[in-house]
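J.: Can you read through this structure? Questions will come right after.
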Amino acid sequence: MTTSISKPRVHHPGLPVNAIGLTRRDYEGSMSTLCAGCGHDSITAAIIRAFFELDIPPHRVGKLSGIGCSSKTPTYFLREAHGFNAVHGRMPSIGTGASAARGDLVYIGVSGDGDSLSIGLGQFCHAIRRNVQMLYILENNGVYGLTKGQFSASADIGSKPKRGAPNRQAPIDPVLLALSLGATFVARSFSGDREQLVPIIKAGLRHRGFAFIDVISPCVTFNDHEGSTKSYRFTREHMHEVVHADFVPPQREIAVQYAPGESTPVTLHDGSTVTLHKVATDFDPTDRDAAYSYIRAHQNAAEVTTGLLYLGPGAPEMHENENTVDTPLAELPFDQLCPGSAELDRLMDRYR
Amino acid sequence: MKVNDFAFRIATVNGTGSASANGLLMQAIFRMGVPVSGKNVFPSNIQGLPTWYEIRVNRDGYTARTPEFDLVVAMNSATYDRDVADLQPGGWLIYDSSWPMPKALERPDITTFGVPLARMCNEAFDGSRERILMKNIGYVGALAALIEIDLSILEQLLEEQFGTKKRALLESNYKALRLGYDYARSTFDCPLPIRLERMGEPDDFILIDGNTAAALGCVYAGATVGAWYPITPSTSLMDGFRAFCERFRKDPETGKNRFIIVQAEDELAAAGIVIGAGWAGARAFTPTSGPGISLMSEFIGLAYYAEIPAVFFDVQRTGPSTGMPTRTQQGDLLLCAFASHGDTKHVLLFPADPNEAFHFAVRAFDLAEHFQTPVFVLTDLDIGMNDWMVPRLEWDDAYRPDRGKVLTAEELEQIRVFHRYLDVDGDFIAARTFPGVHPSGAYFTRGSGHNKWGGYTEDADEYTEVVDRLANKIRSAANAVPQPVVRRNDGATIGIISIGGCDGAIIEAVDWLAARGIPMDYMRIRGFPFPASVNAFIAEHEIMFVVEQNRDAQLRSLLCLETGVAVERLRSVRRYGGLPMSRKYVVDGVLEQLDDERAPALLDENHGARMEVPA
């Protein structure tokens, strides 16, 4: 008995193909085994669309995760990509190592609030500090699903479980944390808002360095009820979009939705452009301190700020910092790595 | 008269510059061609605590640590009591006589020499820093006169160290050397009955520590990713790797690095980085010590179960917990053999000295990739951080790394469906693929239950099939680890078994006992799982002594578990206080448990072995 269910690969002749001749189906994975209506599945769909629209060959992607409901999702997209379901809270170090060995691949890490903010808080922080080249998506539902509904570190004070006492501990806001740690791409979205999420994922995939997206993703089984601050209803009612990001890859034009109001075009490190729609006129996504204050102010008013919240000037990612060669280290030929017997002989004279 | 056969100890305060003076002594004796060893017994501290450096010379090549000192240089008043007490009867004590001799140094059966090092240096040098530093070179000079260290070699070494760039410092060192030397020559009856004599050029030997040698092994093996969290006594391994990479791993055109070193936030992350890199196809390693292995255990289980190569250097120190970070032990055998929860077993290598540390480092990468599993190189503080006189490291240019079964893009093109955990060849090893190479090579790596097709499973039979293959795979690695080294003695019926850095002490003990009519066969195990030859040795001997440096006889436990030998046949000899093994303790341990009427007399002799007062 195998508990993963593979999806039949049916190609409808009418399906649109992208620049490398693949349909969206080619970016799918196994059938989801999450609860029906789970926010995580919507995020998976958004990820699939983002990769498809960016024309990224699936096998040039490394998809990584930790442990938890969120961490199951890499099975559900990009079946032709190598996947790594690591141990709980340790995906960032696996990502660091994989990127160290093969820096030429696109890495996407999917984690949850338990995985990133409790057991893996240290690894999460240090991956940001190292500026590992990867997109890190935190599927945030404020609850431990697989162990049946305990609070996570992102649960708000006063948030009520299905049974038992309300949460009394202050939450960790991963967005504020990422901002304070110097992350150069910080965004937040909502699993039910694909229109906002897909462009942000695309921008994150093209960002040079560590890109972080916190996605509020209600747990239909344990946390979508009255009294939960991570429910569908609460989030929809309290969501406050500040910046709408539309992503235009340089490879080809795609239809762009322009919202009325002010726009701030920002050039990403790989030359592609992201156009930011300022929904709130007083918000500047390139000002870290302002972003921090803005999010805090809205948090105090019980509003969840979403959108591309901070996009910083390029900080050197890990390989730039370490001045590594352009060839992926895993592909360097042995004769470029082993100094040989003559060098060893010379070296030995120093130990006399 | 004891020519080229004595031991001495220098007691100083750490952080005062004595380390370089002691290194100078070692190197000078080495260049005289005399077999020598140095043991740095240092505190876990930056400055101000007692530290000792022990040098043993032995013309026959017995250079294991000895606890019996013929001469002590007592430069630290805080340890006078102990330093005097540890001196052999008839020995010599050298102290700084800038001040009156304290009562603590009085002992009727020794000769005490005062050298006014502080006073001479205060007169000869300006500045407190130079005055403190040069006292160390001063005692080197005094020793040069007393035990006849070749002064021209010492001067040559200083010249090499400071060259023309630091001329002033060189002159100061020359001057301090002469101060000590001339004072001793003119004041004492030089040389002493314990003294050195040149033994020819040590052309085929080097003086190197195990961490440096292991680091060089990583470079030669083609490792490109190093991840670590600093921990004593393994730190100098990564320092060495960086230094060698700066020399050998720069792209000649761009100056860019053909390596990456990530200093992680903790040992958990260091292990994760190594495993992530190994998964993606780079040779990756981490140097650590016992506390690091404890933290890495979670990831080690993942690498075992998901079959990802990773190389761990455990430079063992004294446990449990923080233990004594600057003392040596062999206390992580069982930890490493079975690291992580659930059923696991790992490949271990046990080098005995820096030369083997170099070669076993290379071997570790081959084994890790061939068997797609974590491999541990277990050294210890003594091997890792002390300088050892070993044969020059040599390299065979015909060497090519064993990458194991890795499918190329061309091979994947031919394969309809790739299954990561399918044992196609019947050797318990399934082929793997690297990310980014080919769409058909994709698979999902997981530490959760998986079947041979690579899919998630919660099925009893599918789960069992995979873990049974893993057990067989690790068992088959027993044929690939280095074979034990066996030294036979004519007429021996008793065996002695050990690993790693106990080697020198055991060889000396075995020779000592053989010369007194008790021949023993000695097997030094070099890898785990144990090769069949280990069982054969055990079968040949009714009684065996197992010598190791831990309290709980971990090697003996492992031998009982793996070979099924009755525990009564393995008599345990242990020493685990944090100092390297000595002949004396091996002989004691054997004789105390030997059913032989000669034992009591020999025990007496062992304790008095070095008591003869030199003529």
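We name chains A, B, ... following the order of the structure tokens; residues begin at 1 in each chain, and ligands are numbered from 1 as shown.
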Would you mind listing, as a compact mmCIF listing (two decimals) with C-alpha atoms, in the first residue's frame, all residues of chain A that have at least one atom within 8 Å of chain B, where only C-alpha atoms are what counts?
T.:
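The result, stored in iface_37.txt:
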# COMPACT_ATOMS: atom_id res chain seq x y z
CA MET A 1 0.00 0.00 0.00
CA THR A 2 1.41 3.30 -1.01
CA THR A 3 -0.11 6.32 0.64
CA SER A 4 0.88 8.79 -2.02
CA PRO A 58 11.07 21.52 -13.45
CA HIS A 59 14.20 19.38 -13.20
CA ARG A 60 16.29 22.50 -12.59
CA VAL A 61 14.48 23.03 -9.31
CA GLY A 62 15.24 21.69 -5.85
CA THR A 75 5.19 16.25 -3.27
CA ARG A 79 7.21 15.95 -10.11
CA GLU A 80 10.34 16.26 -12.24
CA ALA A 81 12.21 18.16 -9.54
CA HIS A 82 14.35 16.54 -6.87
CA GLY A 83 12.55 16.86 -3.56
CA PHE A 84 13.89 16.73 -0.04
CA ASN A 85 11.61 16.30 2.92
CA ALA A 86 14.13 16.99 5.68
CA VAL A 87 13.74 16.67 9.43
CA ARG A 90 16.01 21.77 9.49
CA MET A 91 15.13 22.48 5.89
CA SER A 93 20.43 23.85 6.45
CA ILE A 94 19.61 21.26 3.77
CA GLY A 95 18.90 24.18 1.44
CA THR A 96 22.19 25.81 2.39
CA GLY A 97 24.10 22.63 1.63
CA ALA A 98 22.29 21.93 -1.63
CA SER A 99 22.82 25.50 -2.77
CA ALA A 100 26.48 25.29 -1.72
CA ALA A 101 26.94 22.24 -3.95
CA ARG A 102 24.75 23.33 -6.87
CA LEU A 105 19.47 25.46 -9.43
CA GLY A 122 17.43 29.22 14.57
CA GLN A 123 17.87 27.66 11.15
CA HIS A 126 20.55 31.90 9.94
CA GLU A 322 32.16 33.19 -0.42
CA ASN A 323 33.61 34.10 -3.80
CA THR A 324 33.01 30.64 -5.27
CA VAL A 325 33.66 29.76 -8.89
CA LEU A 329 31.05 22.95 -6.89
CA ALA A 330 29.48 19.52 -7.37
CA GLU A 331 30.46 19.60 -11.03
CA LEU A 332 34.10 20.60 -10.72
CA PHE A 334 38.58 16.04 -9.87
CA GLN A 336 40.74 20.84 -10.38
CA LEU A 337 40.27 19.67 -6.82
CA CYS A 338 43.18 17.36 -6.07
CA PRO A 339 46.59 19.06 -5.96
CA GLY A 340 48.46 15.82 -6.83
CA SER A 341 51.60 14.13 -5.56
CA LEU A 344 52.09 17.16 -1.63
CA ASP A 345 55.78 16.44 -1.78
CA MET A 348 55.72 18.04 3.17
CA ASP A 349 58.96 20.01 3.37
CA TYR A 351 56.49 19.90 8.16
CA ARG A 352 60.12 19.27 8.95
J.: Could you tell me which of B:Ile94, B:Val481, B:Leu333, B:Leu561 comes closest to Ile10 (chain B) if we count only C-alpha atoms?
T.: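 Between B:Ile94, B:Val481, B:Leu333, B:Leu561, the residue approaching Ile10 (chain B) most closely is B:Ile94.
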J.: Which residue gives the smallest distance to Val132 (chain A) among A:Ile43, A:Ile216, A:Met318, A:Ala155, with only C-alpha atoms counted?
T.: A:Met318
J.: Show which residues sit within 7 Å of Trp52 (chain B), as a PyMOL selection string. Count only C-alpha atoms, and ignore same-chain residues fewer than 2 positions away.
T.: chain B and resi 9-12+40-42+50+54
J.: Would you output that residue set with N, CA and C atoms, as a PDB file, in the first residue's frame?
T.:
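result.pdb was written with the following content:
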ATOM      1  N   ARG B   9      59.151  17.541  31.087  1.00  0.00           N
ATOM      2  CA  ARG B   9      57.897  18.283  31.074  1.00  0.00           C
ATOM      3  C   ARG B   9      58.159  19.746  31.396  1.00  0.00           C
ATOM      4  N   ILE B  10      57.440  20.601  30.692  1.00  0.00           N
ATOM      5  CA  ILE B  10      57.584  22.036  30.919  1.00  0.00           C
ATOM      6  C   ILE B  10      56.259  22.562  31.449  1.00  0.00           C
ATOM      7  N   ALA B  11      56.304  23.143  32.627  1.00  0.00           N
ATOM      8  CA  ALA B  11      55.085  23.675  33.244  1.00  0.00           C
ATOM      9  C   ALA B  11      55.094  25.188  33.113  1.00  0.00           C
ATOM     10  N   THR B  12      54.086  25.735  32.473  1.00  0.00           N
ATOM     11  CA  THR B  12      54.016  27.183  32.278  1.00  0.00           C
ATOM     12  C   THR B  12      52.592  27.672  32.542  1.00  0.00           C
ATOM     13  N   ASN B  40      50.635  18.200  24.463  1.00  0.00           N
ATOM     14  CA  ASN B  40      50.240  19.486  25.012  1.00  0.00           C
ATOM     15  C   ASN B  40      49.076  19.254  25.975  1.00  0.00           C
ATOM     16  N   VAL B  41      49.319  19.468  27.242  1.00  0.00           N
ATOM     17  CA  VAL B  41      48.273  19.271  28.243  1.00  0.00           C
ATOM     18  C   VAL B  41      47.838  20.661  28.683  1.00  0.00           C
ATOM     19  N   PHE B  42      46.756  21.128  28.041  1.00  0.00           N
ATOM     20  CA  PHE B  42      46.420  22.547  28.179  1.00  0.00           C
ATOM     21  C   PHE B  42      45.013  22.732  28.745  1.00  0.00           C
ATOM     22  N   PRO B  50      47.248  26.969  34.401  1.00  0.00           N
ATOM     23  CA  PRO B  50      48.414  26.101  34.207  1.00  0.00           C
ATOM     24  C   PRO B  50      48.336  25.310  32.902  1.00  0.00           C
ATOM     25  N   GLU B  54      54.747  18.111  27.340  1.00  0.00           N
ATOM     26  CA  GLU B  54      55.550  16.941  27.679  1.00  0.00           C
ATOM     27  C   GLU B  54      56.255  16.437  26.425  1.00  0.00           C
TER      28      GLU B  54
END
J.: Could you pull out the residues in region 175-355 of chain B that DSSP calls helix (DSSP H, G or I) from the backbone, as JSON, numbers by chain?
T.: {"B": [175, 176, 177, 178, 179, 180, 181, 182, 183, 184, 185, 186, 187, 210, 211, 212, 213, 214, 215, 216, 217, 218, 219, 220, 221, 235, 236, 237, 238, 239, 240, 241, 242, 243, 244, 245, 246, 247, 248, 267, 268, 269, 270, 271, 272, 273, 274, 275, 276, 277, 278, 279, 290, 291, 292, 293, 294, 295, 296, 297, 298, 299, 300, 301, 302, 303, 304, 305, 306, 333, 334, 335, 336, 337, 354, 355]}
J.: Taking 2 positions as the minimum chain separation for residues in the same chain, which residues sit within 12 Å of region 46-49 of chain A when counting only C-alpha atoms? Answer as a PyMOL selection string.
T.: chain A and resi 16-18+22-29+39-44+51-58+63+73-79+108-110+135-137+189-205+213+215
J.: As a list in words, please: the residues near region 592-596 of chain B (cut-off 10 Å, only C-alpha atoms, same-chain neighbours under 2 positions excluded).
T.: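 Near region 592-596 of chain B, the qualifying residues are Ile494, Ile518, Ile543, Phe545, Arg571, Ser572, Val573, Val586, Val587, Asp588, Gly589, Val590, Arg598, Ala599, Pro600, Leu602 and Leu603 of chain B.
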J.: Mind checking which residues fall within 12 Å of Ser152 (chain B), counting only C-alpha atoms, ignoring those fewer than 3 positions away in the same chain, and posting them as a PyMOL selection string?
T.: chain B and resi 28-29+31-32+141+144+148-149+155-159+174+177-178
J.: If you measure from CA of Val115 (chain B) to CA of Pro35 (chain B), what distance in Å do you get, rounded to one decimal?
T.: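 Here the two named atoms are 27.8 Å from each other.
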J.: Record the distance separating CA of Glu317 (chain A) and CA of Pro287 (chain B), expressed in Å with one decimal.
T.: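 Interatomic distance, CA of Glu317 (chain A) to CA of Pro287 (chain B): 24.6 Å.
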J.: Please, what distance in Å, to one decimal, runs between CA of Leu25 (chain B) and CA of Tyr95 (chain B)?
T.: 17.4 Å
J.: With only C-alpha atoms as the basis for distance, which of B:Glu356, B:Leu349, B:Arg363, B:Ser18 is at the shortest distance from Lys135 (chain B)?
T.: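 Nearest candidate to Lys135 (chain B) out of B:Glu356, B:Leu349, B:Arg363, B:Ser18: B:Ser18.
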J.: I'd like the contact shell of region 102-114 of chain B - 12 Å cut-off, only C-alpha atoms, skipping same-chain residues fewer than 5 positions apart - returned as an MDAnalysis selection string.
T.: chainID B and resid 69:97 119 139 142:143 146 180 183:185 187:190 192 611 613:614
J.: Residues as selected, N, CA and C atoms, written as a tab-separated table (two decimals), in the first residue's frame, can you do that?
T.:
chain	number	residue	atom	x	y	z
B	69	PHE	N	58.74	11.45	34.37
B	69	PHE	CA	59.59	12.50	33.81
B	69	PHE	C	60.96	12.53	34.48
B	70	ASP	N	61.96	12.61	33.64
B	70	ASP	CA	63.33	12.68	34.14
B	70	ASP	C	63.73	14.12	34.45
B	71	LEU	N	63.01	15.04	33.83
B	71	LEU	CA	63.37	16.44	34.01
B	71	LEU	C	62.09	17.27	33.94
B	72	VAL	N	62.02	18.28	34.77
B	72	VAL	CA	60.86	19.18	34.74
B	72	VAL	C	61.34	20.62	34.73
B	73	VAL	N	60.78	21.41	33.83
B	73	VAL	CA	61.03	22.84	33.85
B	73	VAL	C	59.81	23.47	34.51
B	74	ALA	N	60.01	23.99	35.72
B	74	ALA	CA	58.87	24.50	36.50
B	74	ALA	C	58.82	26.02	36.39
B	75	MET	N	58.00	26.50	35.48
B	75	MET	CA	57.91	27.96	35.25
B	75	MET	C	56.64	28.55	35.85
B	76	ASN	N	55.84	27.71	36.50
B	76	ASN	CA	54.57	28.19	37.03
B	76	ASN	C	54.50	27.87	38.52
B	77	SER	N	54.62	28.91	39.34
B	77	SER	CA	54.68	28.68	40.78
B	77	SER	C	53.39	28.04	41.29
B	78	ALA	N	52.29	28.23	40.56
B	78	ALA	CA	51.01	27.68	41.00
B	78	ALA	C	51.00	26.16	40.98
B	79	THR	N	51.88	25.57	40.20
B	79	THR	CA	51.87	24.10	40.10
B	79	THR	C	53.18	23.48	40.60
B	80	TYR	N	53.95	24.23	41.36
B	80	TYR	CA	55.24	23.72	41.86
B	80	TYR	C	55.09	22.36	42.56
B	81	ASP	N	54.10	22.28	43.48
B	81	ASP	CA	53.93	21.05	44.26
B	81	ASP	C	53.82	19.83	43.36
B	82	ARG	N	52.91	19.94	42.43
B	82	ARG	CA	52.63	18.82	41.56
B	82	ARG	C	53.81	18.52	40.62
B	83	ASP	N	54.44	19.59	40.14
B	83	ASP	CA	55.54	19.40	39.19
B	83	ASP	C	56.73	18.70	39.85
B	84	VAL	N	56.97	19.04	41.09
B	84	VAL	CA	58.06	18.38	41.81
B	84	VAL	C	57.70	16.93	42.09
B	85	ALA	N	56.45	16.71	42.48
B	85	ALA	CA	56.03	15.35	42.83
B	85	ALA	C	56.10	14.40	41.64
B	86	ASP	N	55.84	14.91	40.43
B	86	ASP	CA	55.80	14.04	39.26
B	86	ASP	C	57.18	13.66	38.72
B	87	LEU	N	58.20	14.23	39.31
B	87	LEU	CA	59.56	13.97	38.81
B	87	LEU	C	60.05	12.62	39.33
B	88	GLN	N	60.71	11.87	38.46
B	88	GLN	CA	61.29	10.59	38.85
B	88	GLN	C	62.40	10.80	39.89
B	89	PRO	N	62.60	9.86	40.79
B	89	PRO	CA	63.76	9.97	41.69
B	89	PRO	C	65.04	10.08	40.88
B	90	GLY	N	65.92	10.92	41.31
B	90	GLY	CA	67.17	11.11	40.58
B	90	GLY	C	67.04	12.09	39.44
B	91	GLY	N	65.86	12.67	39.26
B	91	GLY	CA	65.63	13.58	38.14
B	91	GLY	C	66.12	14.99	38.42
B	92	TRP	N	65.89	15.86	37.41
B	92	TRP	CA	66.37	17.24	37.49
B	92	TRP	C	65.20	18.21	37.40
B	93	LEU	N	65.28	19.22	38.24
B	93	LEU	CA	64.26	20.24	38.23
B	93	LEU	C	64.90	21.58	37.88
B	94	ILE	N	64.31	22.25	36.93
B	94	ILE	CA	64.81	23.58	36.55
B	94	ILE	C	63.74	24.59	36.90
B	95	TYR	N	64.11	25.62	37.61
B	95	TYR	CA	63.12	26.63	37.98
B	95	TYR	C	63.72	28.01	37.77
B	96	ASP	N	62.85	29.00	37.80
B	96	ASP	CA	63.29	30.38	37.60
B	96	ASP	C	63.81	30.92	38.94
B	97	SER	N	65.12	31.10	39.03
B	97	SER	CA	65.72	31.50	40.31
B	97	SER	C	65.87	33.00	40.44
B	119	ARG	N	65.02	37.57	35.64
B	119	ARG	CA	66.00	38.63	35.89
B	119	ARG	C	66.83	38.90	34.63
B	139	TYR	N	64.45	29.36	28.53
B	139	TYR	CA	64.54	27.97	29.02
B	139	TYR	C	64.88	27.00	27.90
B	142	ALA	N	68.59	27.10	27.92
B	142	ALA	CA	69.15	26.35	29.05
B	142	ALA	C	69.06	24.85	28.78
B	143	LEU	N	67.92	24.41	28.24
B	143	LEU	CA	67.76	22.98	27.92
B	143	LEU	C	68.75	22.55	26.84
B	146	LEU	N	71.81	21.81	28.63
B	146	LEU	CA	71.72	20.69	29.58
B	146	LEU	C	71.53	19.34	28.89
B	180	GLY	N	70.04	31.84	28.07
B	180	GLY	CA	69.77	30.60	28.78
B	180	GLY	C	70.90	29.60	28.60
B	183	TYR	N	74.17	30.72	30.42
B	183	TYR	CA	74.04	30.62	31.87
B	183	TYR	C	74.18	29.17	32.32
B	184	ALA	N	73.49	28.28	31.62
B	184	ALA	CA	73.53	26.86	32.00
B	184	ALA	C	74.94	26.30	31.82
B	185	ARG	N	75.57	26.64	30.69
B	185	ARG	CA	76.92	26.13	30.43
B	185	ARG	C	77.90	26.55	31.52
B	187	THR	N	77.21	27.57	34.58
B	187	THR	CA	76.80	27.35	35.97
B	187	THR	C	76.71	25.87	36.33
B	188	PHE	N	76.24	25.05	35.38
B	188	PHE	CA	76.00	23.63	35.69
B	188	PHE	C	76.98	22.74	34.95
B	189	ASP	N	76.98	21.50	35.36
B	189	ASP	CA	77.85	20.52	34.73
B	189	ASP	C	77.12	19.97	33.50
B	190	CYS	N	77.34	20.61	32.36
B	190	CYS	CA	76.62	20.23	31.15
B	190	CYS	C	77.47	19.29	30.31
B	192	LEU	N	73.82	16.92	30.97
B	192	LEU	CA	73.35	15.98	31.99
B	192	LEU	C	73.52	14.55	31.48
B	611	MET	N	63.05	3.72	37.25
B	611	MET	CA	63.57	4.30	38.48
B	611	MET	C	65.09	4.27	38.57
B	613	VAL	N	68.59	5.27	38.57
B	613	VAL	CA	69.16	6.62	38.58
B	613	VAL	C	70.32	6.64	37.59
B	614	PRO	N	70.25	7.55	36.65
B	614	PRO	CA	71.32	7.58	35.63
B	614	PRO	C	72.70	7.76	36.28
J.: Using backbone DSSP assignments, extract all strand (DSSP E or B) residues from region 249-430 of chain B; output them as number ranges by chain.
T.: B: 250, 257, 260-263, 284-288, 310-316, 318, 324, 347-349, 374-380, 387-391, 406
